[in-house]
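S.K.: Can you keep this structure in mind? I'll have questions shortly.
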Amino acid sequence: MSWQGVEGQDDVVERFRRVLAANRLASSFLFVGPAGVGKRLFAEKLAQALLCSQVPAERLEPCGTCPSCVQVAALTHPDLFIIEKPADRSSIPLALLVGDDAHRMREGLCHDLAMKPFMGGRKVAIIDDADALGEESANCLLKTLEEPPARSVLILIGTSADKQLPTIRSRCQTVRFGGLPTKTVAQLIEASGLITDPQQAERAAEFAGGSIERALELADEELWSFRLQLLRALGAPSIESVSLARDLVAFVDAAGKEATLRRNRARQVIGFAIEFYRQLLRSLCGLEVAGDEPLRVAVDRVGSLWPGDTELAARCIERSFDALSHIDRNAHQSTLLECWLDDLARTIDSAQSVGA
Ligand SMILES: [Zn+2]
């Protein structure tokens, strides 16, 4: 169901409806869940409900038309504070939380939140990309979390609770957002107009793990043709890692100058490989292979020639997840991709020579 444009998060909506009706809203929340499932949208709609001047917050139904609602929608409400990680930074700058050196504790989110609400209601702060809170920044937030200013609500948004420092995690109420159903993802991306072909929308949704953001990244025809090449290479008895790595690095570089675009491509390709090994693992266990035709063909092809057992497939999955985690940590990408493919090839080849 949809609430204020937020799709498929009924449990979260109900939870907030209940605590608001009981007048027991906590002051600090940690929203966690995959990217692109509606966490930020929900946070903004919750802020709108809390600041709406027409409908009492307890009803969790912002009118959408009063001056407060309009200002929240435009992100210009004086009692709404939003902090995000700048695109060119790897973490949230300390100055955004506590002011720069010249204005320490006299500016920034912690200072603003401690002021009385302009409109007399509440103050709401949203920290997006809480995964990118460094230790120093997290420590600066502790006082605010420990002694929340009256009538303030602080919402941190991250991808998982594990990525937050324990000091933050223990002081916030965690709210989990699940992935969206594949059908909802397909409908939403079709409605967005970014993928107009229903079949393409469905394919992207199937691989998106319930995330709109991921599905939109998958709206890239070149990515799907590279996937065919990757599946052919992984489905061969032995991986030609040097030439595959060369093509992969060229493919990733072709995404453009922006590091995020290149990282996305690298992440997607590794994701495709993980899916391949997962399905191979299923096939080795005698289970039916799920997925589209190219994937099934590749798994069938390698199946009878696979030199190891399920353990070997599991090792390939593990090595791929390891590569994936390093992509997010901004490591040198081409080296990382080369090492990943080289390790896969060597792992499989060594099983082959043991078996021979
Ligand atoms: Zn309103």
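Chain labels run A, B, ... following the order of the structure tokens; each chain numbers its residues from 1, and ligands are numbered from 1 in the order shown.
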Which residues are near segment 154-168 of chain A? Cut-off 8 Å, only C-alpha atoms, ignore same chain within fewer than 5 positions. Put them as a PyMOL selection string.

M.R.: chain A and resi 27-35+39-40+43+124-131+133+135+138-139+142+145+174

S.K.: Next, the residues of the selection above should be written as a PDB file, in the first residue's frame with N, CA and C atoms.

M.R.:
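Final file, again-v3.pdb:
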ATOM      1  N   SER A  27      12.823  10.501  20.503  1.00  0.00           N
ATOM      2  CA  SER A  27      13.424  11.710  19.939  1.00  0.00           C
ATOM      3  C   SER A  27      14.526  11.392  18.928  1.00  0.00           C
ATOM      4  N   SER A  28      15.047  10.159  18.939  1.00  0.00           N
ATOM      5  CA  SER A  28      16.111   9.839  17.979  1.00  0.00           C
ATOM      6  C   SER A  28      15.832   8.513  17.301  1.00  0.00           C
ATOM      7  N   PHE A  29      15.928   8.529  15.986  1.00  0.00           N
ATOM      8  CA  PHE A  29      15.672   7.319  15.219  1.00  0.00           C
ATOM      9  C   PHE A  29      16.831   7.016  14.295  1.00  0.00           C
ATOM     10  N   LEU A  30      17.020   5.726  14.060  1.00  0.00           N
ATOM     11  CA  LEU A  30      17.980   5.300  13.049  1.00  0.00           C
ATOM     12  C   LEU A  30      17.197   4.486  12.029  1.00  0.00           C
ATOM     13  N   PHE A  31      17.023   5.057  10.842  1.00  0.00           N
ATOM     14  CA  PHE A  31      16.329   4.344   9.775  1.00  0.00           C
ATOM     15  C   PHE A  31      17.355   3.528   9.011  1.00  0.00           C
ATOM     16  N   VAL A  32      17.145   2.231   8.909  1.00  0.00           N
ATOM     17  CA  VAL A  32      18.085   1.412   8.138  1.00  0.00           C
ATOM     18  C   VAL A  32      17.357   0.561   7.107  1.00  0.00           C
ATOM     19  N   GLY A  33      18.060   0.250   6.031  1.00  0.00           N
ATOM     20  CA  GLY A  33      17.492  -0.562   4.964  1.00  0.00           C
ATOM     21  C   GLY A  33      18.232  -0.265   3.676  1.00  0.00           C
ATOM     22  N   PRO A  34      18.024  -1.085   2.646  1.00  0.00           N
ATOM     23  CA  PRO A  34      18.733  -0.874   1.384  1.00  0.00           C
ATOM     24  C   PRO A  34      18.473   0.526   0.818  1.00  0.00           C
ATOM     25  N   ALA A  35      19.395   0.983  -0.028  1.00  0.00           N
ATOM     26  CA  ALA A  35      19.193   2.282  -0.682  1.00  0.00           C
ATOM     27  C   ALA A  35      17.987   2.178  -1.604  1.00  0.00           C
ATOM     28  N   LYS A  39      13.327   5.348   2.519  1.00  0.00           N
ATOM     29  CA  LYS A  39      13.654   5.832   3.862  1.00  0.00           C
ATOM     30  C   LYS A  39      13.634   7.355   3.932  1.00  0.00           C
ATOM     31  N   ARG A  40      14.314   7.982   2.962  1.00  0.00           N
ATOM     32  CA  ARG A  40      14.401   9.443   2.961  1.00  0.00           C
ATOM     33  C   ARG A  40      13.022  10.072   2.729  1.00  0.00           C
ATOM     34  N   ALA A  43      11.079   9.842   5.844  1.00  0.00           N
ATOM     35  CA  ALA A  43      11.560  10.811   6.842  1.00  0.00           C
ATOM     36  C   ALA A  43      11.001  12.204   6.542  1.00  0.00           C
ATOM     37  N   VAL A 124      12.740  19.202  13.473  1.00  0.00           N
ATOM     38  CA  VAL A 124      13.061  17.887  12.923  1.00  0.00           C
ATOM     39  C   VAL A 124      14.382  17.970  12.166  1.00  0.00           C
ATOM     40  N   ALA A 125      15.271  17.042  12.469  1.00  0.00           N
ATOM     41  CA  ALA A 125      16.545  17.003  11.745  1.00  0.00           C
ATOM     42  C   ALA A 125      16.703  15.639  11.087  1.00  0.00           C
ATOM     43  N   ILE A 126      17.164  15.653   9.855  1.00  0.00           N
ATOM     44  CA  ILE A 126      17.403  14.402   9.131  1.00  0.00           C
ATOM     45  C   ILE A 126      18.875  14.365   8.746  1.00  0.00           C
ATOM     46  N   ILE A 127      19.555  13.311   9.141  1.00  0.00           N
ATOM     47  CA  ILE A 127      20.945  13.144   8.698  1.00  0.00           C
ATOM     48  C   ILE A 127      20.959  11.982   7.715  1.00  0.00           C
ATOM     49  N   ASP A 128      21.065  12.319   6.449  1.00  0.00           N
ATOM     50  CA  ASP A 128      21.097  11.276   5.429  1.00  0.00           C
ATOM     51  C   ASP A 128      22.540  10.777   5.331  1.00  0.00           C
ATOM     52  N   ASP A 129      22.726   9.576   4.827  1.00  0.00           N
ATOM     53  CA  ASP A 129      24.064   8.989   4.747  1.00  0.00           C
ATOM     54  C   ASP A 129      24.727   8.880   6.116  1.00  0.00           C
ATOM     55  N   ALA A 130      23.978   8.413   7.105  1.00  0.00           N
ATOM     56  CA  ALA A 130      24.583   8.239   8.429  1.00  0.00           C
ATOM     57  C   ALA A 130      25.715   7.216   8.374  1.00  0.00           C
ATOM     58  N   ASP A 131      25.742   6.376   7.331  1.00  0.00           N
ATOM     59  CA  ASP A 131      26.869   5.440   7.151  1.00  0.00           C
ATOM     60  C   ASP A 131      28.173   6.228   7.059  1.00  0.00           C
ATOM     61  N   LEU A 133      29.070   8.899   8.728  1.00  0.00           N
ATOM     62  CA  LEU A 133      29.420   9.695   9.909  1.00  0.00           C
ATOM     63  C   LEU A 133      30.751   9.173  10.437  1.00  0.00           C
ATOM     64  N   GLU A 135      33.979   8.969  13.125  1.00  0.00           N
ATOM     65  CA  GLU A 135      33.929   8.819  14.579  1.00  0.00           C
ATOM     66  C   GLU A 135      33.813  10.168  15.289  1.00  0.00           C
ATOM     67  N   ALA A 138      30.330  11.499  14.879  1.00  0.00           N
ATOM     68  CA  ALA A 138      29.395  10.720  15.694  1.00  0.00           C
ATOM     69  C   ALA A 138      29.507  11.139  17.160  1.00  0.00           C
ATOM     70  N   ASN A 139      30.752  11.370  17.610  1.00  0.00           N
ATOM     71  CA  ASN A 139      30.933  11.787  18.999  1.00  0.00           C
ATOM     72  C   ASN A 139      30.300  13.138  19.281  1.00  0.00           C
ATOM     73  N   LEU A 142      26.716  12.874  20.177  1.00  0.00           N
ATOM     74  CA  LEU A 142      26.335  12.147  21.384  1.00  0.00           C
ATOM     75  C   LEU A 142      25.554  12.997  22.384  1.00  0.00           C
ATOM     76  N   LEU A 145      22.109  13.415  21.290  1.00  0.00           N
ATOM     77  CA  LEU A 145      21.348  12.172  21.419  1.00  0.00           C
ATOM     78  C   LEU A 145      21.070  11.844  22.888  1.00  0.00           C
ATOM     79  N   THR A 174      15.928   1.946  16.378  1.00  0.00           N
ATOM     80  CA  THR A 174      16.161   1.490  15.010  1.00  0.00           C
ATOM     81  C   THR A 174      14.840   1.160  14.323  1.00  0.00           C
TER      82      THR A 174
END

S.K.: From the DSSP assignment of the backbone, select every residue of segment 28-256 of chain A that is helix (DSSP H, G or I), and format the answer as JSON, numbers by chain.

M.R.: {"A": [39, 40, 41, 42, 43, 44, 45, 46, 47, 48, 49, 50, 51, 57, 58, 59, 67, 68, 69, 70, 71, 72, 73, 94, 95, 96, 97, 98, 101, 102, 103, 109, 110, 111, 112, 113, 114, 130, 131, 132, 135, 136, 137, 138, 139, 140, 141, 142, 143, 144, 145, 146, 161, 162, 163, 166, 167, 168, 169, 182, 183, 184, 185, 186, 187, 188, 189, 190, 191, 192, 198, 199, 200, 201, 202, 203, 204, 205, 206, 207, 212, 213, 214, 215, 216, 217, 221, 222, 223, 224, 225, 226, 227, 228, 229, 230, 231, 232, 233, 234, 241, 242, 243, 244, 245, 246, 247, 248, 249, 250, 251, 252, 253]}

S.K.: One decimal, Å: what's the distance from atom CA of Ala236 of chain A over to atom CA of Ser325 of chain A, could you say?

M.R.: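 Taking atom CA of Ala236 of chain A and atom CA of Ser325 of chain A, their separation equals 25.9 Å.
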
S.K.: Tell me which protein, DNA and RNA residues are within 8 Å of Ser53 of chain A, counting only C-alpha atoms, leaving out same-chain ones fewer than 4 positions away, and put them as a list of chain:residue names.

M.R.: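 The residues that qualify are A:Cys66, A:Pro67, A:Ser68, A:Cys69.
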
S.K.: Next, the residues of the selection above should be written as a compact mmCIF listing (two decimals), in the first residue's frame with N, CA and C atoms.

M.R.:
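Result saved to part19.txt:
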# COMPACT_ATOMS: atom_id res chain seq x y z
N CYS A 66 -0.91 23.36 3.66
CA CYS A 66 -0.70 24.50 4.55
C CYS A 66 0.72 25.05 4.33
N PRO A 67 0.97 26.30 4.77
CA PRO A 67 2.31 26.87 4.54
C PRO A 67 3.43 25.98 5.08
N SER A 68 3.21 25.35 6.25
CA SER A 68 4.24 24.48 6.83
C SER A 68 4.53 23.29 5.90
N CYS A 69 3.46 22.64 5.44
CA CYS A 69 3.63 21.48 4.56
C CYS A 69 4.35 21.89 3.27

S.K.: Any chance you could list, as a PDB file with C-alpha atoms, in the first residue's frame, the residues in segment 18-201 of chain A that come up strand (DSSP E) when DSSP is run on the backbone?

M.R.:
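Result went into out-v5.pdb, see below:
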ATOM      1  CA  SER A  28      16.111   9.839  17.979  1.00  0.00           C
ATOM      2  CA  PHE A  29      15.672   7.319  15.219  1.00  0.00           C
ATOM      3  CA  LEU A  30      17.980   5.300  13.049  1.00  0.00           C
ATOM      4  CA  PHE A  31      16.329   4.344   9.775  1.00  0.00           C
ATOM      5  CA  VAL A  32      18.085   1.412   8.138  1.00  0.00           C
ATOM      6  CA  LEU A  80      13.508  21.297   9.377  1.00  0.00           C
ATOM      7  CA  PHE A  81      17.224  20.572   9.084  1.00  0.00           C
ATOM      8  CA  ILE A  82      18.673  18.195   6.559  1.00  0.00           C
ATOM      9  CA  ILE A  83      22.287  17.145   6.444  1.00  0.00           C
ATOM     10  CA  LYS A 123      12.120  20.712  15.227  1.00  0.00           C
ATOM     11  CA  VAL A 124      13.061  17.887  12.923  1.00  0.00           C
ATOM     12  CA  ALA A 125      16.545  17.003  11.745  1.00  0.00           C
ATOM     13  CA  ILE A 126      17.403  14.402   9.131  1.00  0.00           C
ATOM     14  CA  ILE A 127      20.945  13.144   8.698  1.00  0.00           C
ATOM     15  CA  SER A 152      13.068  17.788  18.702  1.00  0.00           C
ATOM     16  CA  VAL A 153      13.210  14.712  16.510  1.00  0.00           C
ATOM     17  CA  LEU A 154      16.462  13.512  14.994  1.00  0.00           C
ATOM     18  CA  ILE A 155      16.390  10.938  12.203  1.00  0.00           C
ATOM     19  CA  LEU A 156      19.560   9.256  10.998  1.00  0.00           C
ATOM     20  CA  ILE A 157      19.332   7.360   7.739  1.00  0.00           C
ATOM     21  CA  GLY A 158      21.772   4.579   6.913  1.00  0.00           C
ATOM     22  CA  GLN A 173      15.447   3.628  18.046  1.00  0.00           C
ATOM     23  CA  THR A 174      16.161   1.490  15.010  1.00  0.00           C
ATOM     24  CA  VAL A 175      13.484   1.389  12.315  1.00  0.00           C
ATOM     25  CA  ARG A 176      14.025  -1.202   9.592  1.00  0.00           C
TER      26      ARG A 176
END

S.K.: Taking only C-alpha atoms and all ligand atoms and a cut-off of 12 Å, can you tell me which residues surround ligand 1, written as an NGL selection string?

M.R.: :A and (45-57 or 59-73 or 77)

S.K.: Give me, as a PyMOL selection string, all polymer residues having an atom no more than 12 Å from Glu190 of chain A, counting only C-alpha atoms and skipping those fewer than 4 positions away in the same chain.

M.R.: chain A and resi 183-186+194-205+212+215-216+219

S.K.: What gap, in Å, lies between atom CA of Val299 of chain A and atom CA of Glu275 of chain A?

M.R.: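 The value is 10.3 Å.
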
S.K.: In terms of the shortest atom-to-atom distance over only C-alpha atoms, which of A:Gly308, A:Gly178, A:Gly108, A:Gly271 is closest to Gly210 of chain A?

M.R.: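 Of all the options, A:Gly178 lies closest to Gly210 of chain A.
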
S.K.: Nearest to Ser334 of chain A: which of A:Leu94, A:Ile274, A:Val6, A:Val252 is it, counting only C-alpha atoms?

M.R.: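 The shortest atom-to-atom distance to Ser334 of chain A comes from A:Val252.
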